[in-house]
Each structure stands twice: as structure tokens, then as C-alpha cells.
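Comments concern the structure below.
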Amino acid sequence: MAGQTDPHISLFSPQEVEFMAEDELVKIVPNMNMDPLNFISGDFGRFVPQIPTEVPLWLAVALKRRGKCTFRPPEWMTVDNLTQILEAERESQSTFQALPFSYVEIARLLFDHARDDIPDMYMVRSLVEDIRDVRLHKLETNLGSFQGTSAVKISNVSAMEVNLVRPFVRRALEAFYKHDKPEADVDRDTRSSRQQREANNEPRRPLRQR
Amino acid sequence: MKSRSLKLREAHKVGGSAASFCSILWDHKAEHFVTSSSSDPSISVHDGLSPSTLPPTILRHHQDGVTALALSHDSSFLASGSIDHCVKLYKFPSGEFQTNITRFTLPIRVLAFNGSGSLLAAAGDDEGIKLINTFDGSIVRVLKGHKGPVTGLDFHPNGELLASLDSTGTVLCWELQNGIVSYTLKGVGPDTGFNTSIVNILRWSPDGRTLAVPGLRNDVVMYDRFTGEKLFALRGDHLESICYLTWAPNGKYIATSGLDKQVLLWDVEKKQDIDRQKFEERICCMAWKPNGNALSVIDVKGKYGIWESLVPSSMISPTVGIPDIQPKKRNEILDFDEEIEEELYGASESLNDALVDSDDGESYHTSRKRLRKKTFIDDDGDAYEELNDGSSLPSASEYRKKTLRAHKEKHGAGSGAFKSFAATIKYKMQSPFQSGATPMEPGKRTFLCYNMLGCITTIEHEGNSRIETDFHDTGRSPRVSSMIDIYGFTMASINESGCVFANPCKGEKNMSVLMYRPFRSWASNSEWTMRFEGEEVKVVATGSDWVAAVTSLNLLRIFSEGGLQKHIISLDGPVVTAIGCKDQLAVVTHVSDCLPSNEQVMEFRLFNIPRMTQELKGRVALTPGSRLTWLGFSEEGSLSSYDSEGVLRVFTSQYGGSWIPVFSTSKEKKQEENYWVVGLNTTSLYCIACKHPEIFPQVTPKPILTILDLALPLASSDLGAASLENELMLKQLRLYETQRIVDDMALAGVDTTALEDEAFDLEVSQDKCILRLISSCCSSDSFVRASELMKLLTLEKSMRAAITLVTKLKLPFLAEKFSSILEERLLKEANEAITNPSQNPSGEVVTRVQSMVQNPPASIQTSANTEAFLKSSATKLSSTTLEKKAKVSEGLKLGKEQTKKDETEDATKKEIKKLNLIKNPVNNVNKEGKGLRKEVNQEEVRRSSNPFLKSTV
């Protein structure tokens with residue numbers, strides 16, 4: 001198996017994905033006065049009580065733990081919006097609804113740390129779980145349907161979902177490639193390198209979009 | 001006798017075997033009917049046409065059974081009274097809750113509207129019948145005379161009499177004009193004792209001639225309107241006494257229900273019963289359908305039914321003969337009512353009666369109310385809403401209506417009739433308010449005070465209120481425990497050190513109380529309260545170490561933090577609002593009545609409490625037709641106001657003290673939001689954005705502040721750089737204020753370096769802004785404006801930058817102009833240094849110059865020579881000035897002066913070089929003779945003013 005890479009390199013653990021998602025910006029309402037924080041990724045603050053500000057998720061969680069702020073739930077995280085998304089997800093078998101790239105992680109972190117700040121928390125939570133299940137199932141069935149190709153394009157797939165299917169998709173695509181071109185001995189080197197890049201590119205694209 | 005049985009449908013559940021009094025009412029068009037039960041807190045509004053198919057609208061506002069219902073004559077308002085002691089007012093038929101119009105100490109038994117709907121009479125187990133003004137909820141009069149619970153009330157159709165009946169069977173007929181009893185009929189009705197499911201009732205005939213009262217002998221007795229003489233009785237088949245009766249709309253028939261569970265229909269003229277109906281349960285309430293031959297009944301089990309076509313078709317229909325009475329009657333009431341009302345008000349005022357509820361904050365209402373009444377009667381609902389806006393009972397729904405109304409008007413939907421009225425209406429003076437408070441709503445938590453520091457909220461619960469105090473910054477500020485409020489505080493103010501509360505007085509026993517709660521105190525139990533007798537606190541404010549309260553007697557009372565009464569000041573007008581910040585207290589008062597154009601005339605004063613000075617005084621600027629809704633201080637301490645039209649103003653010392661509109665909602669894009677101002681600083685406004693119909697924020701979820709940039713209402717300029725112009729004006733304003741403070745502080749001898757640095761930074765940023773404006777002016781070819789902007793630049797460096805800017809933009813003539821402006825500027829500065837020597841910190845500079853000038857020829861000449869090399873004609877001019885100066889000052893030591901002079905000369909040379917540098921890039925204008933001479937002049941002046949220049953450059 002020449003083209004196969006080590007699965008441990010391409011697969012992140014859920015914790016790692018969550019860690020990366022902690023850089024997403026969320027809105028918080030601080031209840032303390034603090035000067036702006038100057039980070040490498042940018043300046044955040046200044047923090048004034050009752051005035052919403054955007055900070056990275058990890059900082060928000062840290063502040064929340066100390067009781068220094070309350071979360072503003074993201075716009076998409078409302079019962080209405082999620083119900084709509086869930087319906088749309090169920091309706092179409094091939095496309096995915098636009099959700100933040102790391103919606104699973106953000107939702108998880110908010111449910112863990114900001115229960116009191118999310119209206120209808122239990123409803124939202126079950127909706128997010130439903131959406132996740134529907135999407136995963138759809139993704140899996142979609143994967144079952146592709147054939148004889150070396151690249152797949154699915155838009156609006158989130159980080160956690162990509163991470164889940166990545167090892168399988170890569171190996172499958174490589175296998176397709178190998179079986180499709182048994183005669184390409186002459187220009188194998190050049191083509192394989194090019195194809196491989198494509199195969200790598202496509203499923204990973206969402207990762208770069210952020 | 002027919003014995004049809006009428007099928008009844010359940011409207012209210014009555015538990016067990018207990019009988020409860022239920023009510024049923026039709027509206028005037030018979031589109032809806034309303035039912036309630038004394039064992040059910042909800043009120044049902046049923047559709048009159050198909051009561052079985054459509055589910056009723058349920059109004060659940062009471063906490064206990066509803067014992068009384070009343071609809072105003074035109075059915076626009078529904079009033080309900082309950083065992084929970086409240087009388088509530090709703091819009092009808094929507095059922096939208098309006099207000100808790102009054103409260104009793106015991107259950108309510110009966111309610112009645114007068115013909116115009118302006119008065120609501122309410123009575124019950126309490127002593128006394130309350131006459132309530134439905135506009136503002138003020139108690140017009142309390143009629144006392146009954147010995148038992150009042151169960152029956154009815155206004156005479158012409159509005160001048162009110163008949164009341166108590167459970168002992170005594171009828172009193174009141175003259176509303178003066179509140180005296182015109183006649184008493186003692187013990188004419190059955191004594192119902194304390195059975196609350198039986199209500200003794202009495203009814204005026206629709207023509208107003210007779211009063212029908214159930215008699216002692218299972219009959220109905222008719223009494224004469226004026227004398228109270230017994231006219232006749234309807235006696236028949238009732239086996240037990242009559243518990244309810246109602247006249248047909250035309251007054252030809254009367255329906256009675258007895259304790260014997262039957263309902264009889266009588267022909268009044270023939271004094272004979274026509275028909276009857278037997279029921280399983282006692283019928284406790286009946287209502288004629290206003291436009292049909294039908295009677296709706298409800299029994300003590302909460303089941304209702306409609307007895308259709310009860311009057312036989314051979315007889316005159318009960319609806320024949322009313323239409324021609326109705327409109328005439330209304331007009332009569334109109335004329336009559338006003339007089340009554342006026343006299344009522346006049347009487348109560350002259351008595352200075354404690355019965356007049358002090359909730360009604362005004363004491364100048366006689367004529368106004370009369371006018372308002374007029375509009376209400378002729379209304380189509382709109383006039384009422386419009387006029388109500390300034391009423392002293394700030395209920396949220398009223399405000400909401402007002403905005404809706406305003407909204408409607410914007411769309412040009414105001415009826416012509418209304419507009420003609422508006423022209424003749426006398427507008428009301430604004431009633432006092434507390435900045436950052438939201439109107440009370442029953443069962444909801446409302447803000448007593450909200451500012452940038454924290455908030456005080458209150459909720460009424462079972463007679464007591466619960467007050468919570470929260471700071472936004474939970475880390476640094478103290479935690480304040482919640483408080484049970486037995487006084488019913490409606491005003492509050494909070495700052496870092498404590499909070500102050502006050503309540504209006506409610507009647508004789510409940511005096512107005514002022515209470516202060518310090519947050520941090522070294523002594524325990526340092527709360528204090530003050531009581532006011534015959535005086536009512538209208539507005540409260542706090543600052544550092546002081547508390548202020550303004551009362552109904554126009555007294556400004558200032559207390560120390562510990563509760564010492566420090567000062568009492570008489571204000572010269574009724575107070576509107578007051579706000580404190582650190583040492584400063586701002587009080588706004590009315591100067592005169594509202595102008596006919598609906599403009600409030602108000603004045604503010606700014607006091608410094610510790611220094612006992614009045615720092616500022618002036619009129620309050622408002623958008624025409626608007627009201628002051630917020631008063632406060634910006635973070636920098638300048639007084640600011642916000643009006644109901646959404647204009648934020650800041651008081652500045654520019655132009656001798658004037659209000660600058662720094663923000664206007666109309667300029668803001670988002671029209672669907674209302675901004676509730678909380679605070680501001682020099683660049684932005686902090687507010688809570690409320691979705692359109694709402695004006696006030698809710699307590700939960702906790703509101704968050706929105707930051708809006710200040711934006712002056714600028715005209716749309718052809719320049720298209722409005723944001724830059726706005727920024728420039730704001731910066732100028734800020735710089736002006738900063739410089740003023742610096743000057744003040746310098747006068748007071750305080751160190752101003754920090755502020756001066758700030759002013760310098762401001763100058764730099766202002767210059768940046770101007771430079772950007774210059775470039776946009778250049779791109780739109782408005783060169784005159786660009787040169788004006790050039791003159792506004794403060795720093796020499798930025799002026800040079802402007803010159804390079806225009807040079808790069810390939811506008812040589814503008815560059816020329818600019819450099820001449822720069823020259824003028826430098827020249828002017830130099831001139832100022834000479835002509836205003838007194839400005840210099842000491843006379844030193846002057847003497848230096850002089851001494852330098854009067855030096856021995858040798859050195860002077862050398863200096864003159866060096867200049868002469870540069871400019872040929874310099875010597876001549878300089879020598880003349882030299883002579884002059886030489887005369888002035890003599891006898892100064894040489895040695896010291898010499899060194900100084902050398903320094904100054906060096907500086908001169910540098911200056912010259914600089915000047916040449918500026919001029920060189922510019923074309924050769926200066927090489928002309930004129931230019932040369934001018935330059936020489938400059939040089940001369942420059943030389944002599946050198947020491948000062950050096951310090952400034």
C-alpha cells in the first residue's frame with residue numbers, strides 16, 4: 001500500500017479538534033472592568049460591564065468559570081433556527097446546511113460551561129445532537145455512494161465530521177485511484193503526485209476556510 | 001305558562017356545591033359578551049355570534065375570583081373587580097391589560113362606568129364607594145355612608161346621580177356634583193347578609209325616570225328619580241326575593257331573577273309578567289342583548305345560556321325605541337359631565353381633601369381635564385391615547401399606545417377630526433420622573449433605577465415589594481442584600497456609596513417616606529428614613545455624601561449621608577427630574593405651563609452641593625412636541641439630556657452655555673428600535689435597544705448595553721464626508737471642553753499636566769481628521785473650504801503636512817495659499833507674544849527682549865549686520881524699533897544679557913532658515929518687491945519676539 005499514510009497523522013482526537021475550536025470568537029457580556037488584552041491573535045476588550053464584546057472561546061470559558069462574564073449565545077444557536085436547520089437537513093439527502101465550522105465543539109463547550117446563559121438549553125441541546133446525528137448519517141450514506149473517483153466535494157461539512165470520515169475517505173479514494181489506473185505505469189509518478197494532492201485538498205478544504 | 005328549558009353551557013368552573021356569584025355582560029354592539037365568576041380568577045370574552053364554536057379569550061390578571069365586571073358605554077374599556085382587592089382596566093374587545101386602576105383593602109363587589117366612561121365607580125366590602133377617574137386612575141371622590149358591603153351601583157343615564165345599594169338593603173342616591181346624599185331609602189331591599197353569592201342590585205330605567213330595586217316582598221319596587229318616592233311595584237310569581245334585575249334596552253320590559261331559581265320577564269307599563277323560565281340553579285346575572293330580542297343569563301355554577309326571543313313577537317321588540325335615545329343621551333352627558341367633573345375637581349381641591357389621591361401629581365388640572373374629557377367623548381380612541389401621554393400614572397401600556405399612535409401619525413393616518421382637536425387642545429405639563437426608571441407593571445419586575453453603575457429593581461408580591469440592588473461590575477462593587485419594601489417605593493437612585501428610595505403618599509395613613517441605605521458603613525444600622533407630612537417626594541437623587549429629594553411643595557431637601565438635614569431650598573417651579581453625580585446635582589423644573597404648540601418650558605440648575613454654589617442655570621432644550629425622558633451626566637461630567645423624540649443633548653459652555661445635540665435617533669438607520677439611554681461619554685452613547693413598540697427594557701433577561709457613536713444632526717453636505725465632519729465637530733467640542741477645564745484648573749492653581757497632555761493628543765487627532773477632510777475637499781475641488789480647514793489646524797507640523805499633501809495632489813496654487821496661511825499664523829503668534837506680554841508667566845521675557853534691544857551698539861550691530869546680509873532693508877527698520885525700545889528700558893546688566901541675546905539670535909537664525917525652507921518649494925512669489933518687504937517686516941518682528949517663540953516652537 002504505497003500511497004497510504006499513517007492514520008495517526010491525519011486523524012485528530014476530538015479533544016484536539018475541540019482545542020482548535022477554542023479559537024473561535026464568541027460574544028460575552030463581562031461583569032467586570034478590565035483593560036484590553038493584547039494577544040498574538042489580536043487585541044480583545046476593553047471589558048466594560050454589560051457591554052458585549054467578542055473574545056476567543058477559551059478566554060470566554062476561563063472568564064465564565066471565574067464568574068466574570070455571561071455568554072451571549074451565538075445567533076445560530078436558537079431553537080427556531082436549529083429547528084429549521086434540522087428540518088432542512090432531513091429534507092435534502094445530498095446537501096448540508098451552513099453551520100459554523102466547529103458548531104459541535106462550540107455547542108459542547110457552551111453546554112458544559114454556560115448552561116444558565118442559553119435559553120431553552122435542553123431543547124437546544126437535543127436539537128444540536130439531532131442535527132449532528134442526521135448529518136453524520138447523511139455523510140456516511142453519501143460516502144457509500146461515491147465510486148470511481150479520486151476527489152469528492154461536499155460543502156458545509158464541519159470540523160468534527162471531517163475528522164471522523166477523513167481516514168476512511170482518504171484510503172477509499174486512494175484505493176479507487178489505484179484500481180482505476182492499473183495501466184498508468186509510464187507517467188505514474190507525475191500523475192499520482194498530482195492526484196494525491198487533489199485528493200488531499202478537497203476534503204480538507206473546510207479546515208482552511210476559517 | 002311555557003316551560004321550555006334553556007340549555008346552559010359552562011363558562012367557569014365552580015367547584016363543589018358552593019354557589020358563587022357570576023357575571024355576564026354584552027358589549028354595545030352585541031359582538032362579544034363577557035363572563036366571570038367569583039370562584040375563578042379568569043375573565044372570558046366570548047364571541048357573541050358563535051359562542052359555541054370559537055373559544056373564548058381568557059384574561060388572567062386577577063389572583064382571585066372576579067366579582068364584578070363593567071363595560072364602558074362605548075365598550076372600549078372593560079373593568080373588572082376581584083376578591084384580590086384590585087380593580088383592573090382592559091381595552092375591549094382585545095382584552096389588552098391597561099392598568100390596575102385602584103385597589104381596596106377588601107374584596108370588590110360591584111363596578112359601574114358612567115355614561116361617558118370617564119368615571120368608574122367601585123365598591124365592595126370596604127367602607128365607601130370610590131369614584132375613579134379612568135384617565136389617570138386618580139380617585140375623584142370617596143362616597144361614604146353605607147353601613148354594609150355595597151353590592152349595587154348604577155349611574156343615572158344623565159350622569160348626575162349615582163344610586164348605590166348595600167347588602168342590608170339600604171339605597172343611597174348620591175348627587176355627583178357635590179357628593180352629598182340626595183335621599184336614603186333605608187332597608188327597602190332584602191338583607192342578603194354576608195352571602196357573597198347574592199348581590200343586591202338596583203338599576204335605573206334606560207330613560208332615567210325610575211330606579212328599580214328589589215323589594216322585601218319578592219317584588220321589584222320602582223322609585224322616583226329625584227324624590228325617591230315609591231312609584232309602583234312589580235309583584236308576581238317570584239316565590240323568594242329577587243336577586244337580580246335588568247331593564248330591556250328600551251325600558252319597556254324588565255327581567256328579574258329570584259332566589260327561587262326562576263327568571264321572569266315583565267311588561268313594565270302593564271306591571272305584569274309575560275314569561276318565565278325555570279332553571280336548575282339560581283341565575284345570578286343577566287344581560288339583555290343590546291340589539292336583539294335575547295337575554296343572556298348565568299347561574300351560580302358558572303353556566304351561561306342565551307334565552308332567545310323571550311319577548312313574544314306580538315309585542316314591541318325590546319330593541320325598538322332605543323336608537324333615538326342613545327346618541328342624544330350621549331350628548332347630554334357630554335355637556336353635563338364636564339360641569340360635574342369640573343365642580344368635582346374644584347370641590348375636592350378646595351377642600352384639599354386627603355381623599356383626592358395624591359397619585360395624581362398635578363394640582364392644576366381643572367381646565368385641562370375638562371378639555372381632555374371633551375376629546376375623549378368625541379374620540380375615536382385616538383385622542384384619548386394622544387392626550388394620555390403625559391398623564392401622571394405612567395403605565396407601560398399607555399406609553400406603548402403612545403408610540404403606536406406616533407407611529408400611526410407618521411404614516412399620516414391621523415383622522416381629520418382629531419387634527420382639528422389637537423389644535424385646540426391645551427397640552428399638559430410633563431409629570432415628574434426618575435431617570436432610568438421603567439413604569440410599574442403588576443406581576444413584573446421593573447427598574448426603579450438603571451445607570452452605568454448598577455440597577456435597582458422591584459417586584460410587587462402579595463402586598464409587599466421586593467427590592468433588589470445589583471451592580472454591573474460584580475467584582476469591585478459591594479454585594480447588597482435584597483430588601484422587603486413595606487412602603488411601596490416607586491423612586492430610587494443609586495451610586496457607589498448608597499441608594500435612596502422614596503414613595504408617593506397614598507392617602508392619609510400612608511405618608512411619603514424617604515429612605516437611604518448606605519452600602520458601606522462603619523456603623524451598623526446606618527439606614528435612615530424621613531417622613532413627610534402633607535408633602536410628597538417627587539424626585540430623589542444621590543451624590544457623594546449627600547442625598548437630595550424634591551417634594552410636591554417645590555422644596556429641594558438635601559440630607560447628608562448620615563441623615564442630617566443640611567439644606568432646604570425652595571425651587572421656583574414644580575420639579576420634573578433631578579440627578580446627582582459626585583458633588584453636582586442637576587434639577588429640572590417647569591418654568592410655565594406647556595406652550596400651545598406642545599412645547600414644555602423647563603429650566604435646569606446645576607448645584608455644587610459641598611460648595612453650596614449654583615454652577616449653571618438655563619433652559620432645557622427639547623425637540624418641539626417632545627418630553628424630557630432622561631437626564632444625566634456624561635462620564636466626563638457634562639450635563640446631558642434625552643427627549644422623547646430621540647435627541648441627545650450635552651450642555652457645553654460654548655456660546656455662553658448651550659445645548660449641543662450630539663445624537664439623534666432619526667439619523668440612526670435602525671428605525672425599528674427604540675433607544676433607552678443609560679449613559680454617554682465624549683464619543684459614544686450607551687443605551688439599551690428595545691424592539692419597536694417597547695420603549696422600556698425588561699428586567700429579565702438582563703438587558704445589555706448597546707454602544708452607539710455620537711452623531712450630530714449634520715445637514716447632508718456636498719462634500720460627502722459627513723462622518724469626518726461629524727468627527728471633527730465632536731473633537732472640537734471635546735477639545736473646547738478640555739481646554740476650558742484646563743483653564744479653570746490653572747486658575748485654581750491645580751496641576752494640569754495630565755489634562756494638557758490629553759488636550760495635546762486631542763489636537764493631534766483633530767489635525768489628522770482635518771487633514772483627511774482637506775484631502776476630500778481637494779478631491780471635490782472645494783478649495784476655499786480646504787483653506788478654511790487649513791486655518792483650523794493647530795500644530796505647525798500638521799500645517800506643513802497639509803502643504804506637502806496639496807503639493808503631492810498637484811495643486812500648487814493651494815500649496816501657495818497654504819504656506820501663506822502658515823506664515824500668517826507664525827506672524828500672528830509672534831505678534832501676540834509682543835502685544836500681550838502679560839500673557840507670559842512673568843515679565844521676564846519682555847525684559848529680556850528689551851535688554852537685548854538696548855545693548856551696546858557693538859553687539860546689536862553685529863546681529864543687525866548678520867541680518868542685513870540676508871535682507872538688505874532690515875537695518876533701517878530695526879534701528880528705528882531699537883531706538884524706541886532703548887528709550888523704554890535702561891540700566892540693565894550687560895553680562896547676563898549678552899549670553900541670553902546670543903541664544904536668542906541663534907534661534908532667530910534658525911527661524912529664518914525655517915521660513916526660507918517653507919518658502920522655497922513654493923514658487924517665486926516672495927522674490928517680488930512686496931513680498932520681500934513683507935518678509936523683512938516679519939524678520940524684524942521675529943527677532944525681537946524670539947525668546948517667546950523659542951518656547952512655543
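Letters A, B, ... mark the chains of the C-alpha cells in the order given; residue numbers begin at 1 per chain; ligand numbers begin at 1, in order shown.
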(request) Might you pull out every residue within 10 Å of Glu758 of chain B, with only C-alpha atoms counted and same-chain residues fewer than 4 positions away left off, and present them as an NGL selection string? (result) :B and (735 or 738-739 or 752-754 or 762-764)
(request) Please report as a PyMOL selection string which residues of chain A come no farther than 7 Å from chain B, using only C-alpha atoms. (result) chain A and resi 31-33+49-51
(request) To one decimal in Å, tell me the separation between atom CA of Val213 of chain B and atom CA of Leu245 of chain B. (result) 8.2 Å
(message) Measuring between only C-alpha atoms, which one of A:Tyr122, A:Leu136, A:Phe44, A:Lys68 shows the shortest distance to Asn163 of chain A?
(response) A:Leu136
(request) Have a look at A:Phe176, A:Trp58, A:Phe111, A:Trp76 and name the one nearest to Leu99 of chain A; count only C-alpha atoms. (result)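 Distance minimum relative to Leu99 of chain A lands on A:Trp76.
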(request) Quote the spacing between atom CA of Ser641 of chain B and atom CA of Ser560 of chain B in Å to one decimal place. (result) 26.5 Å
(message) Would you pick out the contacts of segment 481-488 of chain B at 10 Å or less, using only C-alpha atoms, so that residues sharing its chain but fewer than 4 positions from it are not included, and give the list as a list in words?
(response)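 Once the adjacent positions are removed, what remains is Ile456, Thr457, Thr458, Ile459, Glu460, His461, Gly463, Asn464, Ser465, Arg466, Ile467, Glu468, Thr469, Asp470, Phe501, Ala502, Asn503, Pro504, Cys505, Lys506, Asn510, Met511, Ser512, Val513, Leu514, Met515 and Phe519 of chain B.
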(request) Using atom CA of Asp126 of chain B and atom CA of Cys86 of chain B as the two end points, give the distance in Å to one decimal. (result)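 Atom-to-atom, atom CA of Asp126 of chain B to atom CA of Cys86 of chain B, that is 12.0 Å.
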(request) Can you pull out every residue within 10 Å of Arg611 of chain B, counting only C-alpha atoms, but drop anything in the same chain fewer than 4 positions away, and send it as a list in words? (result)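 Answer for this query is Asp583, Gln584, Phe607 and Glu615 of chain B.
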Selected residues written out, N, CA and C atoms, as a PDB file, in the first residue's frame:
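Ended up saving to again-v3.pdb:
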```pdb
ATOM      1  N   ASP B 583     -20.267  65.668  43.232  1.00  0.00           N
ATOM      2  CA  ASP B 583     -20.657  66.845  44.006  1.00  0.00           C
ATOM      3  C   ASP B 583     -21.840  67.569  43.387  1.00  0.00           C
ATOM      4  N   GLN B 584     -22.144  67.222  42.144  1.00  0.00           N
ATOM      5  CA  GLN B 584     -23.099  68.040  41.407  1.00  0.00           C
ATOM      6  C   GLN B 584     -24.516  67.472  41.466  1.00  0.00           C
ATOM      7  N   PHE B 607     -26.270  72.467  40.798  1.00  0.00           N
ATOM      8  CA  PHE B 607     -25.748  72.879  42.094  1.00  0.00           C
ATOM      9  C   PHE B 607     -24.474  72.117  42.396  1.00  0.00           C
ATOM     10  N   GLU B 615     -23.788  76.340  39.900  1.00  0.00           N
ATOM     11  CA  GLU B 615     -22.776  76.480  38.871  1.00  0.00           C
ATOM     12  C   GLU B 615     -23.363  76.901  37.539  1.00  0.00           C
TER      13      GLU B 615
END
```
(message) Neighbouring residues of Met34 of chain A were defined as those with any atom within 10 Å, considering only C-alpha atoms; residues of the same chain fewer than 4 positions away were excluded. Please report them as number ranges by chain.
(response) A: 30, 45-49
As a compact mmCIF listing (two decimals) with N, CA and C atoms, in the first residue's frame, please: every residue in segment 16-82 of chain A that a backbone DSSP assignment puts in strand (DSSP E).
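What ended up in states.txt:
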```txt
# COMPACT_ATOMS: atom_id res chain seq x y z
N LEU A 25 -14.40 32.93 17.81
CA LEU A 25 -14.81 34.09 18.62
C LEU A 25 -16.26 33.92 19.07
N VAL A 26 -16.49 34.26 20.30
CA VAL A 26 -17.86 34.27 20.82
C VAL A 26 -18.11 35.60 21.50
N LYS A 27 -19.38 35.92 21.68
CA LYS A 27 -19.73 37.18 22.33
C LYS A 27 -20.00 36.92 23.81
N ILE A 28 -19.41 37.74 24.63
CA ILE A 28 -19.69 37.64 26.05
C ILE A 28 -20.10 39.00 26.58
N VAL A 29 -20.78 38.99 27.70
CA VAL A 29 -21.10 40.23 28.41
C VAL A 29 -20.34 40.19 29.73
N PRO A 30 -19.27 40.94 29.84
CA PRO A 30 -18.49 40.88 31.08
C PRO A 30 -19.22 41.58 32.21
N LEU A 37 -6.85 43.13 26.42
CA LEU A 37 -5.82 42.10 26.49
C LEU A 37 -5.17 42.03 25.12
N ASN A 38 -3.87 42.08 25.11
CA ASN A 38 -3.17 42.06 23.83
C ASN A 38 -2.57 40.68 23.61
N PHE A 39 -3.16 39.95 22.69
CA PHE A 39 -2.68 38.61 22.38
C PHE A 39 -2.03 38.62 21.01
N GLY A 42 -4.53 38.95 18.39
CA GLY A 42 -5.23 40.23 18.30
C GLY A 42 -5.53 40.79 19.67
N ASP A 43 -6.14 41.95 19.69
CA ASP A 43 -6.49 42.59 20.96
C ASP A 43 -7.95 42.34 21.28
N PHE A 44 -8.21 42.03 22.50
CA PHE A 44 -9.59 41.79 22.92
C PHE A 44 -9.93 42.70 24.09
N THR A 53 -18.78 42.01 24.15
CA THR A 53 -17.51 42.08 23.42
C THR A 53 -17.19 40.69 22.91
N GLU A 54 -16.35 40.63 21.86
CA GLU A 54 -16.01 39.34 21.26
C GLU A 54 -14.65 38.88 21.74
N VAL A 55 -14.59 37.66 22.20
CA VAL A 55 -13.32 37.09 22.66
C VAL A 55 -13.24 35.65 22.17
N PRO A 56 -12.03 35.08 22.16
CA PRO A 56 -11.93 33.66 21.81
C PRO A 56 -12.66 32.81 22.84
N CYS A 69 -18.26 36.78 33.55
CA CYS A 69 -18.99 37.16 32.35
C CYS A 69 -20.17 36.22 32.15
N THR A 70 -21.05 36.61 31.24
CA THR A 70 -22.09 35.70 30.78
C THR A 70 -21.95 35.59 29.28
N PHE A 71 -22.34 34.45 28.73
CA PHE A 71 -22.25 34.24 27.29
C PHE A 71 -23.45 34.86 26.61
N ARG A 72 -23.24 35.32 25.41
CA ARG A 72 -24.34 35.61 24.51
C ARG A 72 -24.40 34.43 23.57
```
(message) List the spatial neighbours of Val79 of chain A as an MDAnalysis selection string - criterion: any atom at most 8 Å away, only C-alpha atoms, same-chain residues fewer than 4 positions off excluded.
(response) chainID A and resid 83 120 123:124 127
Would you mind exporting N, CA and C atoms of the selected residues as a compact mmCIF listing (two decimals), in the first residue's frame?
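Output file again25.txt is given in full below:
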```
# COMPACT_ATOMS: atom_id res chain seq x y z
N THR A 83 -34.28 24.35 14.67
CA THR A 83 -35.38 23.53 14.17
C THR A 83 -35.43 23.60 12.65
N ASP A 120 -33.68 27.98 26.80
CA ASP A 120 -34.16 26.65 26.37
C ASP A 120 -33.01 25.69 26.14
N MET A 123 -33.68 22.03 25.08
CA MET A 123 -34.21 21.96 23.71
C MET A 123 -33.08 22.16 22.71
N VAL A 124 -32.29 23.19 22.93
CA VAL A 124 -31.18 23.50 22.03
C VAL A 124 -30.23 22.31 21.97
N LEU A 127 -31.62 19.49 20.02
CA LEU A 127 -31.65 19.83 18.61
C LEU A 127 -30.26 19.70 17.99
```
